[in-house]
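Notes follow once the structure below has been shown.
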Number of protein chains: 2
Amino acid sequence: MSRNRPTIYDIAKLANTSTATVSRVLNDTGYPVKEELKKRVIKAAKELNYTPNLVGRHLKTSKSNDIGVIVPSISNPYYSLLVNGVENVARKRGYNILLCNSHRDPQREKDYLESLYQKQVEGIIISSITSDTEYIKKLQINGLKIAAFDQDIDLDCNKVNFDYYRGGCIAAQYLIDRGHRDIGFISAPLTRYSRKELFRGFADTLKINNIAIKKDLIKISEFEEETEDQTYEYKNGKQLVQQIIKKGNIPSAIFCINDMTAFGVIQGLQKNHIQIPQDVSVMGFDNITISEIINPSLTTIDQCTHEMGSLAAEVLINNIEDENKKYISTMLQPTLVVRNSTK
Amino acid sequence: MSRNRPTIYDIAKLANTSTATVSRVLNDTGYPVKEELKKRVIKAAKELNYTPNLVGRHLKTSKSNDIGVIVPSISNPYYSLLVNGVENVARKRGYNILLCNSHRDPQREKDYLESLYQKQVEGIIISSITSDTEYIKKLQINGLKIAAFDQDIDLDCNKVNFDYYRGGCIAAQYLIDRGHRDIGFISAPLTRYSRKELFRGFADTLKINNIAIKKDLIKISEFEEETEDQTYEYKNGKQLVQQIIKKGNIPSAIFCINDMTAFGVIQGLQKNHIQIPQDVSVMGFDNITISEIINPSLTTIDQCTHEMGSLAAEVLINNIEDENKKYISTMLQPTLVVRNSTK
DNA sequence: CTGAAAGCGCTAACAG
DNA sequence: CTGTTAGCGCTTTCAG
């Protein structure tokens, strides 16, 4: 149980040289070191089972090669995909990611921001759920690089957003083009930017096409129960469609705030022996993987989630490596994915 | 853009005192400092918008308060729950977690182990997917504390395991007790400890009850496609049950390797207008949240996943804080959860 | 080509 | 009560 890990000093002693040389050899800098000495150092390092202490290096170089990633939930497949995108790019460019799960709790989000900052990460990629950006602004003043993705945020920083409004438009237009006039909408509360925009796009498009929005067909729950997985969305979809069915005024198509909600809606309809898409068309939003395999497969809007993650990483790292880079703001565009749940 | 963050030295200068005093005040150690001076320091710190540099502290104290967590997949609801358990305990006891997703890749697992070690984490909680434990052993020799959970591992360390064998027994016995004699088994390849044990328990219990294992009813896929979410399991269940149906020899009950597979099986059966549980009883394993809300709700075996995570954290932190603590090995017990998918 | 030495930000003896 | 100082492990001038 050798509690004291060997340091370059130990290696230097064993190889009968200086710490400077050891550092030069081990880091494989181009610096000229005689072949024989180099070998001695490497041998000594191996013998001692040496591993560098990143903390020491970090303090000296003030380069951690870490970037923090804060998301509201990691089990949500949407965010998993996002994080994967970030991870791949970060790895490729030589950065590690420190992944934090805010659990949709503003306090936790702030705690993590602070903790990451104190750990001297090079930058932070965040899907923020708070509206109080004062704290983040303070960190920016102190030189921390921020990239915000997924949710909109009142902050001057790198941004990778998604055009939810157009997503809503595309969905509505698609259903209208297929001849639907009685179109329902089922959602969790419109408390987030993404949901608000989506609904706005949906509603505007109906209006433009002179289709009345029937209040009975717009079902938005009042409260939201935050779960780590998305079971709430599922339950909510199932419950709300039940309410519509009960009233007897069944629409010919239903647009759901996301795929998980759509699954709930499909289950609810099937339970009542309503056929999809023969009786009712159902449309989701997100294009998570399971949408493709469920039966019937789900017509939905793709968010290119993975790309959003990799783009955010790309932009942030560029900003880290080029101090003077201007902030970049990107708006990713939705794509329609037609499958078997609509006709 | 003040690139240079203020240090305690800056505070000392501004407050006209020494770094020692600043450190004492800011860390709120009980050390006596005159009230007036204390106030001056705090004021200066606030004025400079000071945040401690954890890297400096860490190097000095050789205490990082970080523990690493390595899991095969973060989006899998099973592991999310596990991580949540770890996170809660860690927070409570003053540790941060560094979460790593090995993506079931042995190389990534090793990379993360190394990186965490070099970052000087206090300990690592791991659900390892590799069988080559040589590297981990090396780290242990250098003083790193390890707790293994979820999967069995050939390593002398803290362990939090789950009694998969008994889980398989309980499931089989339950179905037998309900009068079932033709019992099917559907699974991904038995490549992991957990799956092997589960099947062993299942098979042994049939044998003990003098029930023949019918090869036609045991469907185990040969290859596994690793996806970040568990869509593979779902697809696999659906496909394999299809094969059973085609042969026409339909069992009265099917035990599935996990809940996601069971969902696939249920879908496959329903597609063929086979009613659950009237025609066939379906049983899962895991008790993930969605099992409760799906229709029919799923009879399954609970793994107390969250508890497993918190226990692992508890045990590891005890070991970190008390150097001489002996390794603890715990075996969590399964519980039967009866719902509506069996009769 | 090699080594001595400074110093990153912080804490903790130790001395006063 | 307060300050001086050493040093955690590492990289990097600078001098030889």
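We label chains A, B, ... in the order they appear in the structure tokens, count residues from 1 in each chain, and number ligands from 1 in the order shown.
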Using only C-alpha atoms (C1' of nucleotides) and a cut-off of 8 Å, which residues of chain A sit close to chain C? Please list them as a JSON list (two decimals) with N, CA and C atoms, in the first residue's frame.
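Dumped everything to selection21.json:
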```
[["chain", "number", "residue", "atom", "x", "y", "z"],
["A", 18, "SER", "N", 18.00, 15.25, -13.46],
["A", 18, "SER", "CA", 17.20, 16.32, -12.84],
["A", 18, "SER", "C", 15.73, 16.19, -13.22],
["A", 20, "ALA", "N", 13.94, 18.42, -14.42],
["A", 20, "ALA", "CA", 13.72, 19.08, -15.71],
["A", 20, "ALA", "C", 13.83, 18.08, -16.84],
["A", 21, "THR", "N", 14.87, 17.29, -16.80],
["A", 21, "THR", "CA", 15.07, 16.30, -17.85],
["A", 21, "THR", "C", 13.95, 15.26, -17.85],
["A", 32, "PRO", "N", 15.98, 18.38, -27.03],
["A", 32, "PRO", "CA", 17.05, 17.39, -27.21],
["A", 32, "PRO", "C", 17.55, 16.80, -25.90],
["A", 33, "VAL", "N", 17.44, 15.48, -25.79],
["A", 33, "VAL", "CA", 17.98, 14.75, -24.65],
["A", 33, "VAL", "C", 18.72, 13.55, -25.23],
["A", 34, "LYS", "N", 19.89, 13.29, -24.70],
["A", 34, "LYS", "CA", 20.69, 12.18, -25.25],
["A", 34, "LYS", "C", 19.92, 10.87, -25.12],
["A", 59, "LEU", "N", -1.56, 23.23, -12.09],
["A", 59, "LEU", "CA", -1.25, 24.44, -11.33],
["A", 59, "LEU", "C", -0.16, 25.23, -12.04],
["A", 60, "LYS", "N", 0.80, 24.49, -12.55],
["A", 60, "LYS", "CA", 1.92, 25.15, -13.22],
["A", 60, "LYS", "C", 1.51, 25.77, -14.56],
["A", 61, "THR", "N", 0.79, 25.00, -15.34],
["A", 61, "THR", "CA", 0.50, 25.44, -16.71],
["A", 61, "THR", "C", -0.79, 26.24, -16.82],
["A", 62, "SER", "N", -1.57, 26.21, -15.78],
["A", 62, "SER", "CA", -2.94, 26.73, -15.82],
["A", 62, "SER", "C", -3.67, 26.32, -17.10]]
```
* Could you please write out, as a VMD selection string, every residue of segment 8-79 of chain A that DSSP assigns to alpha helix (DSSP H)? => chain A and resid 8 to 15 19 to 26 35 to 48 54 to 61 77 to 79
* Residues of chain D near chain A: apply a cut-off of 10 Å, count only C-alpha atoms (C1' of nucleotides), and supply the list as JSON, numbers by chain. => {"D": [8, 9, 10, 11, 12]}
Go through chain A and flag each residue having an atom no more than 9 Å from chain B; for those, report the closest pair of atoms plus their distance in Å to one decimal, using only C-alpha atoms, ordered by chain and rising number, as JSON lines.
```
{"residue": "A:Met1", "atom": "CA", "partner": "B:Ile141", "partner_atom": "CA", "distance": 5.4}
{"residue": "A:Ser2", "atom": "CA", "partner": "B:Asn142", "partner_atom": "CA", "distance": 5.5}
{"residue": "A:Arg3", "atom": "CA", "partner": "B:Gly143", "partner_atom": "CA", "distance": 5.3}
{"residue": "A:Asn4", "atom": "CA", "partner": "B:Asn142", "partner_atom": "CA", "distance": 7.5}
{"residue": "A:Arg5", "atom": "CA", "partner": "B:Asn142", "partner_atom": "CA", "distance": 6.3}
{"residue": "A:Asn49", "atom": "CA", "partner": "B:Lys138", "partner_atom": "CA", "distance": 8.4}
{"residue": "A:Thr51", "atom": "CA", "partner": "B:Gln118", "partner_atom": "CA", "distance": 6.7}
{"residue": "A:Pro52", "atom": "CA", "partner": "B:Gln118", "partner_atom": "CA", "distance": 6.1}
{"residue": "A:Asn53", "atom": "CA", "partner": "B:Gln118", "partner_atom": "CA", "distance": 5.3}
{"residue": "A:Leu54", "atom": "CA", "partner": "B:Lys119", "partner_atom": "CA", "distance": 5.4}
{"residue": "A:Val55", "atom": "CA", "partner": "B:Leu59", "partner_atom": "CA", "distance": 6.1}
{"residue": "A:Gly56", "atom": "CA", "partner": "B:Leu59", "partner_atom": "CA", "distance": 6.4}
{"residue": "A:His58", "atom": "CA", "partner": "B:Val55", "partner_atom": "CA", "distance": 7.3}
{"residue": "A:Leu59", "atom": "CA", "partner": "B:Val55", "partner_atom": "CA", "distance": 6.1}
{"residue": "A:Ile74", "atom": "CA", "partner": "B:Ser75", "partner_atom": "CA", "distance": 6.2}
{"residue": "A:Ser75", "atom": "CA", "partner": "B:Ser75", "partner_atom": "CA", "distance": 4.3}
{"residue": "A:Asn76", "atom": "CA", "partner": "B:Ser75", "partner_atom": "CA", "distance": 6.5}
{"residue": "A:Pro77", "atom": "CA", "partner": "B:Ser75", "partner_atom": "CA", "distance": 5.9}
{"residue": "A:Tyr79", "atom": "CA", "partner": "B:Ser75", "partner_atom": "CA", "distance": 8.4}
{"residue": "A:Ser80", "atom": "CA", "partner": "B:Ser75", "partner_atom": "CA", "distance": 5.6}
{"residue": "A:Leu81", "atom": "CA", "partner": "B:Glu228", "partner_atom": "CA", "distance": 8.2}
{"residue": "A:Asn96", "atom": "CA", "partner": "B:Ser115", "partner_atom": "CA", "distance": 8.8}
{"residue": "A:Ile97", "atom": "CA", "partner": "B:Cys100", "partner_atom": "CA", "distance": 8.6}
{"residue": "A:Leu98", "atom": "CA", "partner": "B:Leu98", "partner_atom": "CA", "distance": 6.3}
{"residue": "A:Leu99", "atom": "CA", "partner": "B:Leu99", "partner_atom": "CA", "distance": 5.9}
{"residue": "A:Cys100", "atom": "CA", "partner": "B:Leu99", "partner_atom": "CA", "distance": 7.6}
{"residue": "A:Glu114", "atom": "CA", "partner": "B:Thr51", "partner_atom": "CA", "distance": 8.6}
{"residue": "A:Ser115", "atom": "CA", "partner": "B:Leu54", "partner_atom": "CA", "distance": 8.8}
{"residue": "A:Tyr117", "atom": "CA", "partner": "B:Thr51", "partner_atom": "CA", "distance": 8.4}
{"residue": "A:Gln118", "atom": "CA", "partner": "B:Asn53", "partner_atom": "CA", "distance": 5.3}
{"residue": "A:Lys119", "atom": "CA", "partner": "B:Leu54", "partner_atom": "CA", "distance": 5.4}
{"residue": "A:Gln120", "atom": "CA", "partner": "B:Asn53", "partner_atom": "CA", "distance": 7.1}
{"residue": "A:Lys138", "atom": "CA", "partner": "B:Asn49", "partner_atom": "CA", "distance": 8.3}
{"residue": "A:Gln140", "atom": "CA", "partner": "B:Met1", "partner_atom": "CA", "distance": 7.8}
{"residue": "A:Ile141", "atom": "CA", "partner": "B:Met1", "partner_atom": "CA", "distance": 5.4}
{"residue": "A:Asn142", "atom": "CA", "partner": "B:Ser2", "partner_atom": "CA", "distance": 5.5}
{"residue": "A:Gly143", "atom": "CA", "partner": "B:Arg3", "partner_atom": "CA", "distance": 5.2}
{"residue": "A:Leu144", "atom": "CA", "partner": "B:Arg3", "partner_atom": "CA", "distance": 8.6}
{"residue": "A:Glu228", "atom": "CA", "partner": "B:Ser80", "partner_atom": "CA", "distance": 7.8}
{"residue": "A:Asp229", "atom": "CA", "partner": "B:Pro77", "partner_atom": "CA", "distance": 6.7}
{"residue": "A:Gln230", "atom": "CA", "partner": "B:Ile290", "partner_atom": "CA", "distance": 8.7}
{"residue": "A:Thr231", "atom": "CA", "partner": "B:Ile290", "partner_atom": "CA", "distance": 6.1}
{"residue": "A:Tyr234", "atom": "CA", "partner": "B:Ile293", "partner_atom": "CA", "distance": 8.4}
{"residue": "A:Lys235", "atom": "CA", "partner": "B:Ile293", "partner_atom": "CA", "distance": 7.1}
{"residue": "A:Gly264", "atom": "CA", "partner": "B:Ile294", "partner_atom": "CA", "distance": 8.9}
{"residue": "A:Gln267", "atom": "CA", "partner": "B:Asn295", "partner_atom": "CA", "distance": 7.8}
{"residue": "A:Lys271", "atom": "CA", "partner": "B:Asn295", "partner_atom": "CA", "distance": 8.5}
{"residue": "A:Thr289", "atom": "CA", "partner": "B:Thr231", "partner_atom": "CA", "distance": 7.2}
{"residue": "A:Ile290", "atom": "CA", "partner": "B:Thr231", "partner_atom": "CA", "distance": 6.1}
{"residue": "A:Ile293", "atom": "CA", "partner": "B:Lys235", "partner_atom": "CA", "distance": 7.2}
{"residue": "A:Ile294", "atom": "CA", "partner": "B:Gln267", "partner_atom": "CA", "distance": 8.5}
{"residue": "A:Asn295", "atom": "CA", "partner": "B:Gln267", "partner_atom": "CA", "distance": 7.8}
```
* Structure fact -> One decimal place gives the atom CA of Ile218 of chain A-atom CA of Cys169 of chain A separation as 16.1 Å
* **For Ile254 of chain A: contacts at 10 Å, only C-alpha atoms (C1' of nucleotides), fewer than 3 positions along chain excluded, given as an NGL selection string** => :A and (172 or 175 or 180 or 182-186 or 217-218 or 241 or 250-251 or 257 or 262 or 265-266 or 280-284 or 342)
* Asked: Can you list every residue in segment 14-91 of chain B that DSSP puts in strand (DSSP E), as a list in words?
  -> Asp66, Ile67, Gly68, Val69, Ile70 and Val71 of chain B
Go ahead and save the residues from that selection, with C-alpha atoms, as an mmCIF file, in the first residue's frame.
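Written out: out_20.cif:
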```cif
data_model
loop_
_atom_site.group_PDB
_atom_site.id
_atom_site.type_symbol
_atom_site.label_atom_id
_atom_site.label_comp_id
_atom_site.auth_asym_id
_atom_site.auth_seq_id
_atom_site.Cartn_x
_atom_site.Cartn_y
_atom_site.Cartn_z
ATOM 1 C CA ASP B 66 -13.666 13.974 -5.861
ATOM 2 C CA ILE B 67 -14.748 10.452 -6.505
ATOM 3 C CA GLY B 68 -14.952 8.972 -9.962
ATOM 4 C CA VAL B 69 -17.909 6.961 -11.170
ATOM 5 C CA ILE B 70 -17.628 4.796 -14.266
ATOM 6 C CA VAL B 71 -20.717 3.163 -15.760
#
```
